[in-house]
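So this one's run-v7.cif, mmCIF, C-alpha atoms and all ligand atoms:
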```
data_entry
loop_
_atom_site.label_atom_id
_atom_site.label_comp_id
_atom_site.auth_asym_id
_atom_site.auth_seq_id
_atom_site.Cartn_x
_atom_site.Cartn_y
_atom_site.Cartn_z
CA MET A 546 117.99 166.27 107.32
CA GLY A 547 120.42 165.42 104.52
CA THR A 548 119.89 166.18 100.85
CA GLN A 549 116.88 164.53 99.32
CA LYS A 550 117.11 162.74 96.06
CA LEU A 551 114.16 164.06 94.08
CA PRO A 552 112.20 161.88 91.73
CA VAL A 553 113.43 162.48 88.17
CA TYR A 554 110.03 163.44 86.76
CA ALA A 555 109.65 166.06 89.45
CA GLY A 556 112.75 167.87 88.27
CA GLU A 557 112.47 171.61 88.48
CA ASN A 558 115.67 172.25 86.61
CA TRP A 559 114.16 174.58 84.03
CA ASN A 560 117.39 175.14 82.18
CA ARG A 561 117.80 171.43 81.68
CA ARG A 562 114.23 171.11 80.50
CA LEU A 563 114.71 173.95 78.06
CA GLN A 564 117.85 172.25 76.82
CA GLN A 565 115.87 169.04 76.27
CA ILE A 566 113.53 170.83 73.86
CA ILE A 567 116.49 172.43 72.13
CA ASP A 568 118.04 168.99 71.71
CA VAL A 569 114.86 167.80 70.02
CA LEU A 570 114.97 170.82 67.71
CA ASN A 571 118.67 170.56 66.85
CA THR A 572 119.13 166.82 66.50
CA LYS A 573 118.34 164.86 63.40
CA PRO A 574 115.40 162.71 64.49
CA SER A 575 114.89 159.01 63.98
CA PRO A 576 112.48 158.25 61.10
CA LYS A 577 109.57 157.91 63.51
CA PHE A 578 110.05 161.45 64.79
CA VAL A 579 110.68 163.28 61.53
CA GLN A 580 107.06 164.39 61.16
CA PRO A 581 106.54 165.20 64.87
CA ARG A 582 109.66 167.38 64.80
CA THR A 583 108.55 169.14 61.62
CA ASN A 584 105.23 169.84 63.33
CA LEU A 585 106.99 171.12 66.43
CA LEU A 586 109.10 173.49 64.31
CA GLN A 587 105.92 174.82 62.75
CA LEU A 588 104.29 175.29 66.16
CA ILE A 589 107.32 177.06 67.55
CA ASP A 590 107.50 179.33 64.55
CA GLU A 591 103.90 180.45 65.13
CA TRP A 592 104.57 180.78 68.83
CA GLN A 593 107.63 182.99 68.26
CA LYS A 594 105.71 185.14 65.77
CA SER A 595 102.71 185.67 68.03
CA GLY A 596 104.33 186.71 71.32
CA ASP A 597 100.91 186.11 72.90
CA LEU A 598 99.53 182.61 73.45
CA ASN A 599 95.94 183.84 73.36
CA ARG A 600 96.42 185.11 69.84
CA MET A 601 98.73 182.43 68.59
CA LYS A 602 97.68 180.85 65.31
CA PHE A 603 97.78 177.08 65.64
CA PRO A 604 98.69 175.23 62.44
CA GLN A 605 95.98 173.31 60.68
CA ASP A 606 95.34 169.82 62.18
CA CYS A 607 97.22 170.78 65.35
CA PRO A 608 95.13 170.44 68.51
CA SER A 609 94.29 173.75 70.17
CA LEU A 610 95.56 174.55 73.64
CA TRP A 611 92.22 173.47 75.08
CA GLN A 612 92.27 170.18 73.20
CA MET A 613 95.79 169.65 74.50
CA GLN A 614 94.60 170.37 78.01
CA ALA A 615 91.97 167.68 77.73
CA GLU A 616 94.71 165.09 77.24
CA ILE A 617 96.76 166.08 80.26
CA ARG A 618 96.88 163.87 83.32
CA VAL A 619 97.99 165.10 86.70
CA PHE A 620 100.04 163.05 89.17
CA LEU A 621 100.73 163.59 92.81
CA SER A 622 104.25 162.54 93.72
CA PRO A 623 105.14 162.37 97.39
CA THR A 624 108.77 162.69 98.36
CA SER A 625 110.38 161.26 101.46
CA SER A 626 110.26 164.73 103.01
CA ARG A 627 107.03 166.59 103.77
CA ARG A 628 106.76 167.91 100.28
CA ALA A 629 104.77 166.48 97.39
CA TYR A 630 105.09 167.40 93.75
CA VAL A 631 102.26 167.88 91.34
CA THR A 632 103.40 166.62 87.97
CA TRP A 633 101.60 166.07 84.73
CA ALA A 634 101.99 164.32 81.45
CA TYR A 635 100.38 164.81 78.08
CA GLY A 636 99.09 161.82 76.19
CA PRO A 637 95.86 160.77 74.55
CA ARG A 638 94.37 157.77 76.31
CA LYS A 639 91.66 156.65 73.95
CA ARG A 640 93.45 156.75 70.65
CA ALA A 641 96.88 156.23 69.14
CA TRP A 642 99.39 159.06 69.24
CA THR A 643 99.57 161.17 66.11
CA ALA A 644 102.54 163.23 64.96
CA TRP A 645 100.76 166.29 66.30
CA ASP A 646 100.42 164.66 69.71
CA HIS A 647 104.19 164.27 69.94
CA ALA A 648 104.66 167.86 68.83
CA ALA A 649 102.06 169.02 71.34
CA SER A 650 103.70 167.18 74.23
CA TRP A 651 107.04 168.90 73.52
CA PHE A 652 105.32 172.21 72.93
CA ILE A 653 103.53 172.09 76.29
CA GLN A 654 106.85 171.29 77.97
CA LEU A 655 108.25 174.42 76.38
CA ILE A 656 105.44 176.88 77.08
CA THR A 657 105.04 175.84 80.71
CA ASN A 658 108.75 176.39 81.32
CA PRO A 659 109.28 179.70 83.17
CA GLU A 660 112.46 180.11 81.11
CA CYS A 661 110.74 179.64 77.74
CA GLU A 662 111.40 183.23 76.63
CA ARG A 663 115.04 182.33 76.51
CA LEU A 664 114.58 180.00 73.56
CA GLY A 665 116.49 181.59 70.70
CA GLY A 666 116.83 180.65 67.07
CA PRO A 667 116.89 179.35 64.51
CA CYS A 668 120.30 180.89 63.88
CA PRO A 669 120.35 182.37 60.36
CA ARG A 670 123.74 180.82 59.68
CA CYS A 671 123.64 177.29 61.14
CA GLY A 672 119.89 176.87 61.73
CA LYS A 673 120.34 175.84 65.35
CA TYR A 674 118.18 176.78 68.32
CA PHE A 675 119.91 177.98 71.46
CA VAL A 676 119.43 179.37 74.96
CA ARG A 677 119.70 183.14 75.28
CA ALA A 678 121.14 184.72 78.39
CA GLY A 679 117.85 186.60 78.84
CA ALA A 680 114.66 187.31 76.93
CA LYS A 681 116.56 189.91 74.89
CA GLU A 682 116.69 189.29 71.16
CA LYS A 683 119.79 187.60 69.91
CA THR A 684 120.00 186.61 66.28
CA TYR A 685 122.96 184.27 66.05
CA CYS A 686 123.60 181.21 68.18
CA SER A 687 127.22 182.04 68.83
CA ARG A 688 129.89 184.65 68.39
CA GLU A 689 131.37 182.43 65.71
CA CYS A 690 128.20 182.40 63.60
CA ALA A 691 127.80 186.15 64.07
CA SER A 692 131.34 186.93 62.98
CA VAL A 693 131.28 184.59 59.97
CA SER A 694 128.02 186.22 58.90
CA SER A 695 129.38 189.72 59.29
CA ALA A 696 132.48 188.69 57.32
CA LEU A 697 130.16 187.42 54.56
CA GLU A 698 128.23 190.68 54.73
CA SER A 699 131.38 192.74 54.32
CA THR A 700 132.50 190.57 51.42
CA LYS A 701 129.13 191.22 49.77
CA LEU A 702 129.54 194.93 50.43
CA ARG A 703 133.09 194.93 49.05
CA ARG A 704 131.98 193.10 45.91
CA ALA A 705 129.13 195.55 45.39
CA LYS A 706 131.56 198.47 45.70
CA GLU A 707 133.98 196.86 43.25
CA HIS A 708 131.13 196.28 40.84
CA ALA A 709 130.00 199.91 41.05
CA ASP A 710 133.57 201.07 40.60
CA ARG A 711 134.00 198.95 37.45
CA LEU A 712 130.77 200.30 36.01
CA LEU A 713 131.92 203.86 36.61
CA ARG A 714 135.30 203.25 34.99
CA ALA A 715 133.64 201.49 32.06
CA GLU A 716 131.33 204.48 31.54
CA ASN A 717 134.28 206.84 31.55
CA ALA A 718 136.12 204.67 29.05
CA ILE A 719 133.04 204.62 26.84
CA LYS A 720 132.98 208.44 26.93
CA ARG A 721 136.58 208.49 25.80
CA TYR A 722 135.72 206.00 23.06
CA ARG A 723 132.97 208.31 21.84
CA ASN A 724 135.24 211.32 21.84
CA ASN A 725 138.61 210.15 20.63
CA THR A 726 139.68 209.02 17.25
CA GLY A 727 141.70 205.95 18.20
CA ARG A 728 141.04 202.97 15.99
CA TRP A 729 139.37 200.18 17.89
CA GLU A 730 137.85 196.98 16.66
CA SER A 731 134.98 197.59 19.09
CA TRP A 732 134.05 199.76 22.07
CA LYS A 733 134.76 196.76 24.33
CA ASP A 734 138.35 196.63 23.10
CA CYS A 735 138.67 200.30 23.93
CA VAL A 736 137.36 199.80 27.48
CA THR A 737 139.41 196.70 28.27
CA ALA A 738 142.59 198.33 26.92
CA SER A 739 142.41 201.14 29.46
CA GLU A 740 140.81 199.08 32.26
CA PRO A 741 142.60 195.72 32.24
CA ASP A 742 140.64 194.35 35.23
CA ILE A 743 137.38 194.74 33.30
CA SER A 744 136.58 191.80 31.05
CA LYS A 745 134.47 191.81 27.92
CA LYS A 746 132.19 189.33 29.61
CA PHE A 747 131.59 191.87 32.40
CA LEU A 748 130.69 194.49 29.80
CA THR A 749 128.29 192.16 28.00
CA ARG A 750 126.56 191.29 31.23
CA ALA A 751 126.36 194.91 32.32
CA VAL A 752 124.75 195.86 29.00
CA ASN A 753 122.30 192.95 29.20
CA SER A 754 121.27 193.87 32.73
CA GLY A 755 120.82 197.50 31.74
CA GLU A 756 123.54 198.79 34.03
CA LEU A 757 125.56 200.06 31.12
CA SER A 758 124.45 201.41 27.77
CA ALA A 759 126.53 200.34 24.82
CA PRO A 760 127.70 203.10 22.51
CA GLN A 761 127.11 202.93 18.80
CA GLN A 762 129.82 201.08 16.95
CA ARG A 763 132.14 203.59 15.34
CA ARG A 764 133.51 203.12 11.87
ZN ZN B 1 124.68 179.51 64.46
#
```

Just give me the structure as structure tokens.
Ligand SMILES: [Zn+2]
Amino acid sequence: MGTQKLPVYAGENWNRRLQQIIDVLNTKPSPKFVQPRTNLLQLIDEWQKSGDLNRMKFPQDCPSLWQMQAEIRVFLSPTSSRRAYVTWAYGPRKRAWTAWDHAASWFIQLITNPECERLGGPCPRCGKYFVRAGAKEKTYCSRECASVSSALESTKLRRAKEHADRLLRAENAIKRYRNNTGRWESWKDCVTASEPDISKKFLTRAVNSGELSAPQQRR
């Protein structure tokens, strides 16, 4: 027998199905789907936090798993070989779809996917969801986002070090101001004369934030 063309809805390509959910999460929705997507994000957030479906907290107004189950229909799909597929679809029959129904239908697609543990995100830098290689935690969506973030981190660290260094040098200059007899208009003039990279504005701010204590003005 040659290769069988499987019915589309019977697809068992779990990676592709996972990617479909990720596309919903990452793509700006049309106006009609803004609320459903917001609801889905909320559901997924609770799902990621819980780690256990039985204990998952469902958002207010969202149908519970059992209410979702009540709206699922099952289909039997024969193929031209000996196999048949059991497929299903979520959808309320006796009422109009709500935003939560759309969210629920995506959510069920996700949680019934054997690869669902590989959903990663949102990335702290770009906000995107992504597929992880395994269930192992991965914070950033890509090497690029991770390296930009670590560059930002080291910039923050460098700035903090520079700030601490300026404070220390300012304190030392203030000590000299207290002890020597040089004639200065103000203690700030004394500090900025010996530490040219320290501005008076920096000193004012440091005093206001309590990081530096201003000496008494000398006559
Ligand atoms: Zn990212």

Spatial neighbours of range 679-696 of chain A, max dist 12 Å, all atoms listed in the file, sep filter under 6 positions, as a PDB file with C-alpha atoms, keeping the file's coordinate frame:
```pdb
ATOM      1  CA  ASN A 560     117.390 175.140  82.180  1.00  0.00           C
ATOM      2  CA  ILE A 567     116.490 172.430  72.130  1.00  0.00           C
ATOM      3  CA  ASN A 571     118.670 170.560  66.850  1.00  0.00           C
ATOM      4  CA  GLN A 593     107.630 182.990  68.260  1.00  0.00           C
ATOM      5  CA  GLY A 596     104.330 186.710  71.320  1.00  0.00           C
ATOM      6  CA  PRO A 659     109.280 179.700  83.170  1.00  0.00           C
ATOM      7  CA  GLU A 660     112.460 180.110  81.110  1.00  0.00           C
ATOM      8  CA  CYS A 661     110.740 179.640  77.740  1.00  0.00           C
ATOM      9  CA  GLU A 662     111.400 183.230  76.630  1.00  0.00           C
ATOM     10  CA  ARG A 663     115.040 182.330  76.510  1.00  0.00           C
ATOM     11  CA  LEU A 664     114.580 180.000  73.560  1.00  0.00           C
ATOM     12  CA  GLY A 665     116.490 181.590  70.700  1.00  0.00           C
ATOM     13  CA  GLY A 666     116.830 180.650  67.070  1.00  0.00           C
ATOM     14  CA  PRO A 667     116.890 179.350  64.510  1.00  0.00           C
ATOM     15  CA  CYS A 668     120.300 180.890  63.880  1.00  0.00           C
ATOM     16  CA  PRO A 669     120.350 182.370  60.360  1.00  0.00           C
ATOM     17  CA  ARG A 670     123.740 180.820  59.680  1.00  0.00           C
ATOM     18  CA  CYS A 671     123.640 177.290  61.140  1.00  0.00           C
ATOM     19  CA  GLY A 672     119.890 176.870  61.730  1.00  0.00           C
ATOM     20  CA  LYS A 673     120.340 175.840  65.350  1.00  0.00           C
ATOM     21  CA  LEU A 702     129.540 194.930  50.430  1.00  0.00           C
ATOM     22  CA  ARG A 703     133.090 194.930  49.050  1.00  0.00           C
TER      23      ARG A 703
END
```

Open item on the list: Neighbouring residues of range 742-749 of chain A were defined as those with any atom within 12 Å, considering all atoms listed in the file; residues of the same chain fewer than 2 positions away were excluded. Please report them as a PyMOL selection string.
Closed with: chain A and resi 707-716+718-719+731-740+751-760

Open item on the list: I'd like the interatomic distance between CA of Ser595 in chain A and CA of Trp645 in chain A, to a tenth of an Å.
Closed with: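 Calculated distance between CA of Ser595 in chain A and CA of Trp645 in chain A is 19.6 Å.
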
Task: Residue nearest His647 in chain A - candidates A:Arg750, A:Arg677, A:Lys577, A:Arg728, atoms counted: all atoms listed in the file - done: A:Lys577

Task: Distance criterion (all atoms listed in the file): nearest to ligand ZN 1 (chain B) out of A:Phe675, A:Pro604, A:Leu585, A:Gly636 - done: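 Among A:Phe675, A:Pro604, A:Leu585, A:Gly636, it is A:Phe675 that comes nearest to ligand ZN 1 (chain B).
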
Task: Contacts of Asn558 in chain A within 10 Å, only C-alpha atoms, excl. fewer than 4 positions in-chain, as a PyMOL selection string - done: chain A and resi 562-563+658

Supply range 601-627 of chain A as a CSV table (one decimal), in the coordinates of the input, with N, CA and C atoms built in where the input has gaps.
```csv
chain,number,residue,atom,x,y,z
A,601,MET,N,97.9,183.3,69.4
A,601,MET,CA,98.7,182.4,68.6
A,601,MET,C,97.9,181.7,67.6
A,602,LYS,N,98.4,181.6,66.4
A,602,LYS,CA,97.7,180.8,65.3
A,602,LYS,C,98.2,179.4,65.3
A,603,PHE,N,97.3,178.5,65.6
A,603,PHE,CA,97.8,177.1,65.6
A,603,PHE,C,97.7,176.5,64.2
A,604,PRO,N,98.7,175.8,63.8
A,604,PRO,CA,98.7,175.2,62.4
A,604,PRO,C,97.5,174.3,62.3
A,605,GLN,N,97.1,174.2,61.0
A,605,GLN,CA,96.0,173.3,60.7
A,605,GLN,C,96.3,171.9,61.2
A,606,ASP,N,95.2,171.2,61.7
A,606,ASP,CA,95.3,169.8,62.2
A,606,ASP,C,96.0,169.7,63.6
A,607,CYS,N,96.6,170.8,64.0
A,607,CYS,CA,97.2,170.8,65.4
A,607,CYS,C,96.1,171.0,66.4
A,608,PRO,N,96.1,170.2,67.5
A,608,PRO,CA,95.1,170.4,68.5
A,608,PRO,C,95.3,171.8,69.1
A,609,SER,N,94.2,172.5,69.5
A,609,SER,CA,94.3,173.8,70.2
A,609,SER,C,94.8,173.5,71.6
A,610,LEU,N,95.1,174.6,72.3
A,610,LEU,CA,95.6,174.6,73.6
A,610,LEU,C,94.5,173.8,74.5
A,611,TRP,N,93.3,174.1,74.2
A,611,TRP,CA,92.2,173.5,75.1
A,611,TRP,C,92.1,172.0,74.8
A,612,GLN,N,92.3,171.6,73.5
A,612,GLN,CA,92.3,170.2,73.2
A,612,GLN,C,93.5,169.5,73.8
A,613,MET,N,94.6,170.2,73.9
A,613,MET,CA,95.8,169.6,74.5
A,613,MET,C,95.5,169.4,76.0
A,614,GLN,N,94.9,170.4,76.6
A,614,GLN,CA,94.6,170.4,78.0
A,614,GLN,C,93.8,169.2,78.4
A,615,ALA,N,92.9,168.8,77.5
A,615,ALA,CA,92.0,167.7,77.7
A,615,ALA,C,92.7,166.4,77.8
A,616,GLU,N,93.9,166.3,77.3
A,616,GLU,CA,94.7,165.1,77.2
A,616,GLU,C,95.8,165.1,78.3
A,617,ILE,N,95.7,166.0,79.2
A,617,ILE,CA,96.8,166.1,80.3
A,617,ILE,C,96.3,165.4,81.5
A,618,ARG,N,97.2,164.5,82.1
A,618,ARG,CA,96.9,163.9,83.3
A,618,ARG,C,97.8,164.4,84.4
A,619,VAL,N,97.2,164.5,85.6
A,619,VAL,CA,98.0,165.1,86.7
A,619,VAL,C,98.4,164.0,87.7
A,620,PHE,N,99.6,164.0,88.2
A,620,PHE,CA,100.0,163.0,89.2
A,620,PHE,C,100.5,163.8,90.4
A,621,LEU,N,100.2,163.1,91.5
A,621,LEU,CA,100.7,163.6,92.8
A,621,LEU,C,101.9,162.7,93.2
A,622,SER,N,103.1,163.3,93.4
A,622,SER,CA,104.2,162.5,93.7
A,622,SER,C,104.8,162.9,95.1
A,623,PRO,N,104.6,162.1,96.1
A,623,PRO,CA,105.1,162.4,97.4
A,623,PRO,C,106.6,162.2,97.4
A,624,THR,N,107.3,162.9,98.2
A,624,THR,CA,108.8,162.7,98.4
A,624,THR,C,108.9,162.1,99.8
A,625,SER,N,110.2,161.8,100.1
A,625,SER,CA,110.4,161.3,101.5
A,625,SER,C,110.5,162.4,102.5
A,626,SER,N,110.4,163.7,102.0
A,626,SER,CA,110.3,164.7,103.0
A,626,SER,C,108.8,165.1,103.1
A,627,ARG,N,108.5,166.3,103.6
A,627,ARG,CA,107.0,166.6,103.8
A,627,ARG,C,106.4,167.1,102.5
```
